[in-house]
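Text of start.txt, listed as compact mmCIF, C-alpha atoms and all ligand atoms:
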```
# COMPACT_ATOMS: atom_id res chain seq x y z
CA MET X 1 6.62 -42.59 42.10
CA GLN X 2 5.48 -40.03 44.70
CA ASN X 3 8.27 -37.62 45.46
CA PRO X 4 7.33 -34.27 47.02
CA THR X 5 10.77 -32.77 46.41
CA LEU X 6 10.68 -33.52 42.69
CA ASP X 7 7.06 -32.34 42.58
CA SER X 8 8.18 -28.95 43.93
CA ILE X 9 11.10 -28.76 41.49
CA PHE X 10 8.98 -29.62 38.44
CA GLY X 11 6.02 -27.59 39.71
CA ARG X 12 8.04 -24.39 40.07
CA ARG X 13 7.01 -22.06 37.27
CA SER X 14 7.37 -18.31 36.80
CA ILE X 15 4.06 -16.80 37.90
CA ARG X 16 3.41 -13.24 36.78
CA LYS X 17 -0.17 -12.71 37.99
CA TYR X 18 -1.01 -12.79 41.70
CA THR X 19 -4.09 -12.49 43.93
CA ASP X 20 -4.30 -9.77 46.59
CA GLN X 21 -3.85 -12.32 49.41
CA PRO X 22 -0.86 -11.35 51.56
CA VAL X 23 1.83 -13.93 52.32
CA GLU X 24 1.82 -15.13 55.93
CA PRO X 25 4.91 -13.91 57.87
CA GLU X 26 5.64 -17.53 58.98
CA LYS X 27 5.86 -18.56 55.32
CA LEU X 28 8.18 -15.67 54.48
CA ASP X 29 10.35 -16.76 57.40
CA LEU X 30 10.46 -20.34 56.08
CA LEU X 31 11.48 -19.04 52.64
CA LEU X 32 14.42 -17.22 54.20
CA GLN X 33 15.37 -20.32 56.16
CA ALA X 34 15.34 -22.29 52.91
CA ALA X 35 17.49 -19.60 51.25
CA MET X 36 20.14 -19.75 53.94
CA ALA X 37 20.26 -23.56 53.80
CA ALA X 38 21.80 -23.26 50.31
CA PRO X 39 25.37 -24.34 49.63
CA SER X 40 28.00 -21.60 49.20
CA ALA X 41 31.68 -21.59 48.31
CA MET X 42 33.69 -22.40 51.45
CA ASN X 43 30.39 -21.90 53.29
CA CYS X 44 31.02 -18.14 53.26
CA LYS X 45 27.28 -17.37 52.86
CA PRO X 46 27.86 -13.96 51.22
CA TRP X 47 24.13 -13.26 51.06
CA GLU X 48 21.72 -10.79 52.63
CA PHE X 49 17.99 -10.50 51.97
CA VAL X 50 15.65 -7.53 51.88
CA LEU X 51 12.03 -8.44 52.44
CA VAL X 52 9.61 -5.95 50.91
CA THR X 53 5.87 -5.82 51.62
CA GLU X 54 5.29 -2.04 51.67
CA PRO X 55 2.92 -1.23 48.78
CA GLU X 56 4.82 1.97 47.87
CA LYS X 57 8.12 0.12 47.46
CA LEU X 58 6.46 -2.69 45.47
CA ALA X 59 4.91 -0.03 43.22
CA GLN X 60 8.37 1.43 42.63
CA PHE X 61 9.72 -1.98 41.58
CA ARG X 62 6.79 -2.32 39.18
CA SER X 63 7.22 1.08 37.59
CA ARG X 64 11.02 1.27 37.49
CA LEU X 65 12.03 -2.28 36.44
CA ILE X 66 10.97 -2.90 32.85
CA PHE X 67 10.84 -6.68 33.30
CA GLY X 68 9.59 -6.46 36.87
CA ASN X 69 6.02 -5.23 36.50
CA ARG X 70 4.32 -7.98 38.58
CA ASN X 71 1.56 -7.43 41.18
CA ALA X 72 2.77 -9.73 43.98
CA PRO X 73 2.17 -8.65 47.61
CA ALA X 74 5.75 -9.42 48.66
CA ALA X 75 9.25 -9.43 47.22
CA ILE X 76 12.61 -10.70 48.39
CA VAL X 77 15.77 -9.01 47.12
CA VAL X 78 18.69 -11.46 47.24
CA CYS X 79 21.93 -9.51 47.69
CA GLY X 80 25.62 -10.36 47.63
CA ASN X 81 27.84 -8.67 50.22
CA PRO X 82 31.55 -9.39 49.60
CA ARG X 83 32.40 -8.16 53.10
CA LEU X 84 30.70 -11.30 54.44
CA SER X 85 33.13 -13.56 52.55
CA THR X 86 36.11 -14.10 54.80
CA ASN X 87 38.00 -15.90 52.04
CA PRO X 88 39.09 -13.87 48.94
CA ALA X 89 38.87 -16.96 46.68
CA ALA X 90 35.32 -17.69 47.84
CA ARG X 91 34.38 -14.06 47.07
CA LEU X 92 34.57 -14.87 43.32
CA PHE X 93 31.60 -17.21 43.68
CA TRP X 94 29.03 -14.79 45.09
CA VAL X 95 26.77 -15.04 42.01
CA ALA X 96 26.65 -18.83 42.27
CA ASP X 97 26.05 -18.65 46.02
CA CYS X 98 23.21 -16.14 45.72
CA SER X 99 21.72 -18.07 42.78
CA ALA X 100 21.61 -21.22 44.91
CA ALA X 101 19.82 -19.25 47.65
CA THR X 102 17.41 -17.81 45.08
CA GLU X 103 16.51 -21.23 43.67
CA ASN X 104 16.00 -22.63 47.18
CA ILE X 105 13.42 -19.89 47.79
CA LEU X 106 11.60 -20.67 44.53
CA VAL X 107 11.38 -24.41 45.22
CA ALA X 108 10.48 -23.98 48.91
CA ALA X 109 7.72 -21.58 47.88
CA VAL X 110 6.03 -24.29 45.79
CA SER X 111 6.06 -26.63 48.77
CA LEU X 112 4.24 -23.94 50.79
CA GLY X 113 1.57 -23.36 48.12
CA LEU X 114 3.14 -20.05 47.05
CA ALA X 115 4.07 -18.75 43.62
CA THR X 116 7.16 -16.79 42.60
CA VAL X 117 9.05 -15.28 39.71
CA TRP X 118 12.80 -14.57 39.58
CA VAL X 119 13.46 -11.08 38.20
CA GLY X 120 17.10 -10.74 37.15
CA VAL X 121 18.94 -7.67 38.50
CA HIS X 122 22.78 -8.12 38.43
CA PRO X 123 24.62 -7.84 36.01
CA VAL X 124 22.47 -5.13 34.40
CA GLY X 125 23.85 -1.86 35.81
CA ASP X 126 20.60 0.12 35.47
CA PHE X 127 18.58 -2.56 37.30
CA VAL X 128 21.20 -2.75 40.07
CA ARG X 129 21.05 1.05 40.53
CA VAL X 130 17.22 1.07 40.66
CA VAL X 131 17.00 -1.73 43.26
CA ARG X 132 19.82 -0.20 45.34
CA ASP X 133 17.95 3.10 45.35
CA ILE X 134 14.54 1.63 46.29
CA VAL X 135 15.75 -0.45 49.24
CA GLY X 136 18.75 1.66 50.27
CA LEU X 137 21.62 -0.74 49.61
CA PRO X 138 25.19 0.57 50.05
CA ARG X 139 27.42 0.48 46.94
CA TYR X 140 29.30 -2.63 48.10
CA VAL X 141 26.08 -4.70 48.34
CA THR X 142 24.82 -5.95 44.97
CA PRO X 143 21.28 -7.19 44.34
CA LEU X 144 21.41 -10.39 42.28
CA SER X 145 17.71 -11.12 42.03
CA LEU X 146 14.33 -9.82 43.02
CA ILE X 147 11.83 -12.58 43.77
CA TYR X 148 8.14 -11.76 43.74
CA VAL X 149 6.15 -13.95 46.14
CA GLY X 150 2.41 -14.42 46.45
CA TYR X 151 -0.56 -16.60 45.61
CA ALA X 152 -0.98 -17.47 41.93
CA LEU X 153 -3.76 -16.04 39.80
CA GLU X 154 -2.64 -18.05 36.77
CA VAL X 155 -2.14 -21.79 36.37
CA LYS X 156 0.99 -23.24 34.80
CA GLN X 157 1.63 -26.93 34.42
CA PRO X 158 4.64 -28.69 35.98
CA ARG X 159 7.30 -29.72 33.50
CA THR X 160 10.88 -30.96 33.34
CA GLN X 161 12.20 -29.51 30.03
CA PHE X 162 14.45 -32.59 29.99
CA ASP X 163 16.42 -32.84 26.75
CA ALA X 164 18.54 -35.96 26.22
CA ALA X 165 20.61 -34.13 23.57
CA ARG X 166 22.06 -31.93 26.35
CA VAL X 167 23.45 -34.92 28.22
CA HIS X 168 26.89 -36.36 27.48
CA TRP X 169 28.10 -39.56 29.04
CA GLN X 170 31.79 -39.87 29.88
CA GLN X 171 32.96 -37.62 27.02
CA TYR X 172 31.57 -34.46 25.40
CA LYS X 173 30.33 -35.03 21.85
CA LYS X 174 29.98 -31.96 19.64
CA GLY X 175 26.43 -31.43 18.42
CA LYS X 176 24.81 -28.78 16.24
CA GLY X 177 25.07 -25.94 18.77
C1 LIG X 201 18.50 -15.03 35.83
C2 LIG X 201 17.03 -14.97 35.53
C3 LIG X 201 16.44 -13.75 35.24
C4 LIG X 201 15.07 -13.66 34.98
N1 LIG X 201 14.51 -12.43 34.81
C5 LIG X 201 13.16 -12.32 34.66
C6 LIG X 201 12.56 -11.03 34.60
O1 LIG X 201 13.22 -9.99 34.68
N2 LIG X 201 11.20 -10.98 34.50
C7 LIG X 201 10.42 -12.11 34.44
O2 LIG X 201 9.21 -11.98 34.34
N3 LIG X 201 10.97 -13.35 34.47
C8 LIG X 201 12.33 -13.49 34.60
N4 LIG X 201 12.91 -14.73 34.70
C9 LIG X 201 12.09 -15.93 34.60
C10 LIG X 201 12.29 -16.64 33.25
O3 LIG X 201 11.71 -15.89 32.21
C11 LIG X 201 11.67 -18.06 33.33
O4 LIG X 201 12.36 -18.80 34.33
C12 LIG X 201 11.74 -18.84 32.03
O5 LIG X 201 10.95 -18.22 31.03
C13 LIG X 201 11.25 -20.30 32.18
O6 LIG X 201 9.93 -20.38 32.67
P1 LIG X 201 9.59 -21.07 34.08
O7 LIG X 201 10.30 -20.30 35.16
O8 LIG X 201 8.09 -21.00 34.21
O9 LIG X 201 10.09 -22.49 34.04
C14 LIG X 201 14.27 -14.84 34.97
C15 LIG X 201 14.87 -16.07 35.25
C16 LIG X 201 16.22 -16.14 35.56
C17 LIG X 201 16.85 -17.47 35.95
```

I'd like the structure from this file rewritten - as structure tokens, please.
Amino acid sequence: MQNPTLDSIFGRRSIRKYTDQPVEPEKLDLLLQAAMAAPSAMNCKPWEFVLVTEPEKLAQFRSRLIFGNRNAPAAIVVCGNPRLSTNPAARLFWVADCSAATENILVAAVSLGLATVWVGVHPVGDFVRVVRDIVGLPRYVTPLSLIYVGYALEVKQPRTQFDAARVHWQQYKKGKG
């Protein structure tokens, strides 16, 4: 069955080697539109995004984040800002909200012929401090993820990772785990 949405979901892989080709501004804009289409608790949308294409800043990410040494020409920092959540109960869900926005960017990127990798930032205090410093975030704004974006220099096959043992129907049955 042809299904472009599922193709993008299964085709999304973490790409860690990129060409020098810059990402078109219209595509970056579409990625941010996809991000902000994500669901969020009580629709509070506690997210903000920092788009980074300056080579000096990208070089700082590469040298200062031990798991973030990737040569992409662009990066999007997905941030949670509790001051944007009008509802205190919804504020508890900022990680879920910003994760949904992050995943939307990754899947939308595939549909635009782009490659990405999600670099985890929060909840590792050192990574949070480094990203805050590089892009100038105030203390109340927390970077959840840094997404590198570019054109792939490596090929990875689509896959589902489906595992029937992880699925329980009606009632949870204890397994080996
Ligand atoms: C919360 C989170 C943090 C991650 N952090 C990193 C990271 O710091 N560096 C990196 O290269 N990949 C990172 N990844 C990507 C994972 O390593 C990758 O998703 C996983 O190995 C599965 O491969 P796939 O994305 O190709 O399906 C992260 C993924 C998630 C969801």

Next item on the list: Could you report the residues within 12 Å of ligand LIG 201 (chain X), using only C-alpha atoms and all ligand atoms, as a ChimeraX atom specification?
Entry: /X:8-17,61-62,64-72,78,95-96,98-100,102-103,106-107,115-124,127,143-148,154-162

Checklist line | Within 8 Å of file point (18.3, -13.7, 50.1), counting only C-alpha atoms, expressed as a VMD selection string | finding: chain X and resid 32 35 to 36 47 to 50 76 to 79 98 101 to 102

Next item on the list: Can you work out the spacing between CA of Val110 (chain X) and CA of Pro55 (chain X) in Å, to one decimal?
Entry: 23.5 Å

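Taking CA of Leu84 (chain X) and CA of Ile105 (chain X) as the two end points, the separation is 20.4 Å.
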
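Close contacts of Tyr140 (chain X), defined as residues with an atom at most 12 Å away when counting all atoms listed in the file, with chain neighbours fewer than 3 positions off set aside, comprise X:Pro46, X:Cys79, X:Gly80, X:Asn81, X:Pro82, X:Arg83, X:Leu84, X:Val128, X:Arg129, X:Arg132, X:Gly136, X:Leu137, X:Pro143.
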
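Here CA of Lys27 (chain X) stands at a distance of 21.5 Å from CA of Val135 (chain X).
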
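Candidate residues X:Leu58, X:Ala165, X:Ile134, X:Met42 were compared for distance to Val149 (chain X), and the nearest is X:Leu58, using all atoms listed in the file.
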
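The smallest atom-to-atom distance between Ser111 (chain X) and any of X:Ala34, X:Val131, X:Pro39, X:Glu24, using only C-alpha atoms, is found for X:Ala34.
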